[in-house]
Amino acid sequence: MDSVVQISITLIMAILVFIAGSIFLDSDYVYRRGLLEDESKGKGLTLWVYHHRGMIKLCLLGLITFLIYYITVLSRPVSCEARYVLTPFYSYALALKGNRYYTEEVILNILLYVPFGFLFAAAFKNLKLFWIWIAALLLSLSVELLQLYFHLGVFETDDIINNVLGGVVGSIFHWMGEHIKLRIKKKG
């Protein structure tokens with residue numbers, strides 16, 4: 001459980017760094033600071049990152065997706081039997097009764113998908129939020145089905161609900177960041 005917490009915190013920190021980098025690489029900011037007044041005079045790495053920011057976002061999204069599969073499927077030991085819990089919100093009921101394990105599970109399953117939702121929204125800015133949430137649902141469903149098929153954990157509807165919720169939170173964070181950038185541009 002500790003490694004999942006550390007990875008989740010690392011992923012949240014990565015989002016914060018990504019937000020700061022995104023603001024820095026915003027075209028108006030970069031041009032105002034004189035870093036790209038003339039592309040031929042651009043500052044090496046800054047110019048390269050500016051021109052390849054779309055590919056960088058896709059690579060980060062791929063990395064986050066791989067980390068999700070690694071944490072939830074690839075790093076787990078095989079158990080004896082396939083298990084599943086199809087009762088929705090059972091972990092919430094247990095968490096509300098004070099069960100610390102399920103409280104942590106709910107929180108970690110949400111946190112795990114926040115970076116995915118954020119980066120998916122960043123990589124595909126023209127998509128409606130509905131499609132970002134569908135992507136989180138499909139990723140979560142694939143993880144749960146792999147866990148069930150290969151006996152790597154418990155297939156839980158609550159995990160899917162929490163993961164989609166995390167994707168929603170991440171995409172809302174991205175939307176908020178974009179909104180803040182627009183307000184900064186208007187003031188500048």
# chains A, B, ... in the order shown; residues from 1 in each chain; ligands from 1
call {"tool": "residues_around", "arguments": {"residues": "stretch 170-172 of chain A", "least_positions_apart": "3", "cutoff": "10 Å", "atoms": "only C-alpha atoms", "output": "MDAnalysis selection string"}}
result
chainID A and resid 12 15 110:122 129:130 132:133 164:167 175:178
call {"tool": "closest_residue", "arguments": {"among": "A:Gly153, A:Gly98, A:Gly62, A:Gly54", "to": "A:Val78", "atoms": "only C-alpha atoms"}}
result
A:Gly153
